[in-house]
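Chemist: Just one file: final26.txt, with compact mmCIF, C-alpha atoms and all ligand atoms.
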# COMPACT_ATOMS: atom_id res chain seq x y z
CA MET J 1 118.75 69.46 -188.69
CA THR J 2 116.77 67.03 -190.74
CA THR J 3 116.29 63.36 -190.07
CA TYR J 4 116.32 61.42 -193.29
CA GLU J 5 116.80 57.98 -194.69
CA VAL J 6 118.99 57.18 -197.65
CA THR J 7 118.24 53.88 -199.37
CA LEU J 8 120.71 52.42 -201.81
CA LYS J 9 119.08 49.70 -203.86
CA LYS J 10 121.71 47.19 -204.88
CA ASP J 11 119.75 45.70 -207.78
CA PRO J 12 119.67 48.78 -209.97
CA CYS J 13 123.11 49.98 -208.83
CA ASP J 14 125.54 49.70 -211.72
CA GLY J 15 128.78 50.77 -210.09
CA ILE J 16 128.98 53.94 -212.14
CA PHE J 17 129.86 55.98 -209.03
CA ALA J 18 128.36 59.28 -210.02
CA CYS J 19 127.06 59.33 -206.44
CA LEU J 20 130.54 59.41 -204.86
CA THR J 21 131.45 62.76 -206.32
CA ARG J 22 128.21 64.36 -205.04
CA ASP J 23 128.25 62.88 -201.55
CA PRO J 24 131.41 61.24 -200.14
CA ARG J 25 129.35 59.13 -197.76
CA PHE J 26 128.83 56.86 -200.75
CA ILE J 27 131.80 54.55 -201.16
CA GLU J 28 132.71 51.54 -203.26
CA ASP J 29 131.72 48.26 -201.61
CA ASP J 30 133.59 44.96 -201.87
CA ASP J 31 131.08 43.83 -204.49
CA GLY J 32 132.09 46.65 -206.84
CA LEU J 33 128.82 48.46 -206.25
CA ALA J 34 128.15 51.44 -204.02
CA THR J 35 127.40 51.38 -200.32
CA ILE J 36 126.96 54.03 -197.63
CA ASP J 37 129.53 54.76 -194.93
CA PRO J 38 128.91 57.65 -192.51
CA ASP J 39 132.69 57.77 -191.95
CA GLY J 40 133.39 57.89 -195.67
CA ASP J 41 133.61 61.66 -195.65
CA PRO J 42 137.04 62.82 -194.47
CA VAL J 43 135.82 66.36 -193.80
CA TYR J 44 132.79 65.77 -191.59
CA ASP J 45 132.61 63.55 -188.54
CA GLY J 46 130.68 60.46 -189.45
CA ASP J 47 127.35 60.15 -187.73
CA GLY J 48 124.54 57.94 -188.85
CA GLU J 49 123.22 54.42 -188.71
CA VAL J 50 123.49 51.95 -191.53
CA ARG J 51 121.56 48.73 -191.81
CA GLU J 52 120.96 46.15 -194.49
CA VAL J 53 117.45 45.18 -195.48
CA ASP J 54 116.98 42.49 -198.12
CA GLY J 55 120.39 43.24 -199.55
CA ASP J 56 119.74 46.97 -199.81
CA VAL J 57 121.59 49.51 -197.68
CA ILE J 58 119.54 51.93 -195.61
CA ALA J 59 121.23 54.75 -193.71
CA THR J 60 119.60 57.15 -191.28
CA PHE J 61 121.14 60.57 -190.76
CA ASP J 62 120.27 63.53 -188.60
CA ASP J 63 122.21 66.48 -189.96
CA ASP J 64 122.19 69.31 -192.49
CA ARG J 65 123.37 67.28 -195.42
CA ILE J 66 120.19 66.01 -197.00
CA GLU J 67 120.87 68.16 -200.06
CA GLU J 68 124.11 66.30 -200.77
CA ALA J 69 122.30 63.00 -200.56
CA ARG J 70 119.61 64.36 -202.88
CA GLN J 71 122.25 65.44 -205.38
CA ALA J 72 123.76 61.97 -205.30
CA ALA J 73 120.30 60.51 -205.91
CA ALA J 74 119.68 62.92 -208.79
CA ALA J 75 123.05 62.06 -210.35
CA CYS J 76 122.48 58.31 -210.20
CA PRO J 77 121.61 57.20 -213.74
CA THR J 78 119.80 54.08 -212.56
CA ASN J 79 117.76 55.71 -209.77
CA ALA J 80 119.31 53.37 -207.22
CA ILE J 81 119.26 56.00 -204.45
CA VAL J 82 116.15 57.17 -202.63
CA VAL J 83 116.24 59.99 -200.07
CA GLU J 84 113.28 60.51 -197.74
CA GLU J 85 112.71 62.74 -194.76
CA VAL J 86 111.48 60.80 -191.73
CA ASP J 87 110.13 61.74 -188.33
CA PRO J 88 112.92 61.89 -185.76
S1 LIG J 101 125.56 56.48 -209.09
FE1 LIG J 101 123.91 54.99 -208.74
S2 LIG J 101 124.45 53.25 -210.03
FE2 LIG J 101 126.28 54.50 -209.78
S3 LIG J 101 127.36 53.60 -208.03
FE3 LIG J 101 126.11 55.29 -207.26
S4 LIG J 101 124.20 54.27 -206.64
FE4 LIG J 101 125.25 52.84 -207.98
Can you present the structure in this file as structure tokens?
Modeler:
Amino acid sequence: MTTYEVTLKKDPCDGIFACLTRDPRFIEDDDGLATIDPDGDPVYDGDGEVREVDGDVIATFDDDRIEEARQAAAACPTNAIVVEEVDP
């Protein structure tokens, strides 16, 4: 298990949705940009906390799926996603 934070910065997000195919916890928001929904993945039980800070979306997870989040971050052409391990 790893505790990690996923930050989705709305400013650079371009709605290209390369992230969705890497990690289904990223979903399309009402504004046409991406957001994070722990329940967005139909396969895994959603678990995680999501909050908004200055318009950005920050989600905290405690699971074995940091690699998926990292792949979504790597696939994002505008570097709108940041994944960081945090102390539990
Ligand atoms: S890949 Fe990046 S720019 Fe595209 S929707 Fe996802 S976060 Fe936004």
Chemist: Can I get the residues of chain J within 8 Å of ligand LIG 101 (chain J), each with the closest pair of atoms and their distance in Å to one decimal, using all atoms listed in the file, sorted chain first then ascending number, as a Markdown table?
Modeler:
| residue | atom | partner | partner_atom | distance |
| --- | --- | --- | --- | --- |
| J:Leu8 | CA | J:LIG101 | S4 | 6.2 |
| J:Lys9 | CA | J:LIG101 | S4 | 7.4 |
| J:Lys10 | CA | J:LIG101 | FE4 | 7.4 |
| J:Pro12 | CA | J:LIG101 | S2 | 6.5 |
| J:Cys13 | CA | J:LIG101 | FE4 | 3.7 |
| J:Asp14 | CA | J:LIG101 | S2 | 4.1 |
| J:Gly15 | CA | J:LIG101 | S3 | 3.8 |
| J:Ile16 | CA | J:LIG101 | FE2 | 3.6 |
| J:Phe17 | CA | J:LIG101 | S3 | 3.6 |
| J:Ala18 | CA | J:LIG101 | S1 | 4.1 |
| J:Cys19 | CA | J:LIG101 | S1 | 4.2 |
| J:Leu20 | CA | J:LIG101 | FE3 | 6.5 |
| J:Phe26 | CA | J:LIG101 | FE3 | 7.2 |
| J:Glu28 | CA | J:LIG101 | S3 | 7.5 |
| J:Leu33 | CA | J:LIG101 | S3 | 5.6 |
| J:Ala34 | CA | J:LIG101 | S3 | 4.6 |
| J:Thr35 | CA | J:LIG101 | S4 | 7.7 |
| J:Ala72 | CA | J:LIG101 | S1 | 6.9 |
| J:Ala73 | CA | J:LIG101 | FE1 | 7.2 |
| J:Ala75 | CA | J:LIG101 | S1 | 6.2 |
| J:Cys76 | CA | J:LIG101 | S1 | 3.8 |
| J:Pro77 | CA | J:LIG101 | FE1 | 5.9 |
| J:Thr78 | CA | J:LIG101 | S2 | 5.4 |
| J:Asn79 | CA | J:LIG101 | FE1 | 6.3 |
| J:Ala80 | CA | J:LIG101 | S4 | 5.0 |
| J:Ile81 | CA | J:LIG101 | S4 | 5.7 |
Chemist: Applying 12 Å and all atoms listed in the file, which residues near region 63-70 of chain J remain after dropping the ones on its own chain fewer than 6 positions away? List them as a ChimeraX atom specification.
Modeler: /J:1-8,18-26,36,38,41,44-48,76,79-86,88
Chemist: Of the candidates J:Ala74, J:Phe61, J:Glu52, J:Asp29, which shows the shortest atom-to-atom distance to Asp87 (chain J), using only C-alpha atoms?
Modeler: J:Phe61
Chemist: Please measure the separation of CA of Asp37 (chain J) and CA of Ala59 (chain J), giving the value in Å to one decimal.
Modeler: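 So the answer is 8.4 Å.
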Chemist: Could you tell me how far CA of Asp11 (chain J) lies from CA of Asp56 (chain J), in Å and to one decimal?
Modeler: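 Spanning CA of Asp11 (chain J) to CA of Asp56 (chain J) is a straight-line distance of 8.1 Å.
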Chemist: Which of these residues is nearest to Asp31 (chain J), using only C-alpha atoms: J:Glu49, J:Gln71, J:Gly55, J:Asp62?
Modeler: J:Gly55
